[in-house]
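Read through the structure below, which is laid out as structure tokens, and then see the notes.
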Amino acid sequence: MELAKTNRMNSLFDFYHGLLTAKQQEYLELYYGDDYSLGEIAEEFGVSRQAVYDNIRRSASALEEYERQLHMLADFEAQNAAVDALGQYLRSHYNDDHELQQLLARVEHRVAEE
């Protein structure tokens, strides 16, 4: 399984898992989060590997569709990139301004909480 796809699915899952059924959540968490194989998940739930594969494929498509419509992950990534860029700029141009550094720290902390 490709690492970039696994990371994307885990990120999408973090934002949209509440929109999935309990079974979709379990399958995705086991497959992408815990690195279970299709066979291991099938054995655990007493279903075929094909059933697990179909469920995971549909669930992943649903996560991608939620992101296409809601943009929560993209917005989060853009916000983090902007804060990172601001931090780099402030550290390189205003490193001696302690008040500005404190304000930046508050913003970074707030973004990290979300």
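For the structure tokens, the naming scheme is as follows: chains receive sequential letters (A, B, ...) according to their order of presentation, residues are indexed from 1 within each chain, and ligands are indexed from 1 in presentation order.
Residues in contact range of stretch 13-22 of chain A, defined as at most 9 Å between only C-alpha atoms, with sequence neighbours fewer than 5 positions away removed, read Arg8, Tyr27, Leu28, Glu29, Ser59, Ala60, Ala62, Leu63, Tyr66, Glu67, Met72 and Leu73 of chain A.
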Could you give me the residues within chain A that DSSP places in alpha helix (DSSP H), as an MDAnalysis selection string? chainID A and resid 3:16 22:28 38:45 49:70 72:93 98:113
Determine, counting only C-alpha atoms, which protein, DNA and RNA residues have an atom within 8 Å of an atom of A:Ile41; residues of the same chain fewer than 2 positions away are not included. Present the result as a count of residues only. 12
Do a neighbour search on A:Arg110 at 12 Å with only C-alpha atoms, toss out local chain neighbours closer than 4 positions, and write the hits as a ChimeraX atom specification. /A:79-80,83,103-106,114
For A:Asn7, the closest of A:Ala74, A:Ala82, A:Gly33, A:Lys23 counting only C-alpha atoms is A:Gly33
Nearest to A:His109, restricted to only C-alpha atoms and choosing among A:Asp84, A:Asp54, A:His71, A:Glu64, comes out as A:Asp84
A straight line from atom CA of A:Asn10 to atom CA of A:Gln25 spans 11.1 Å
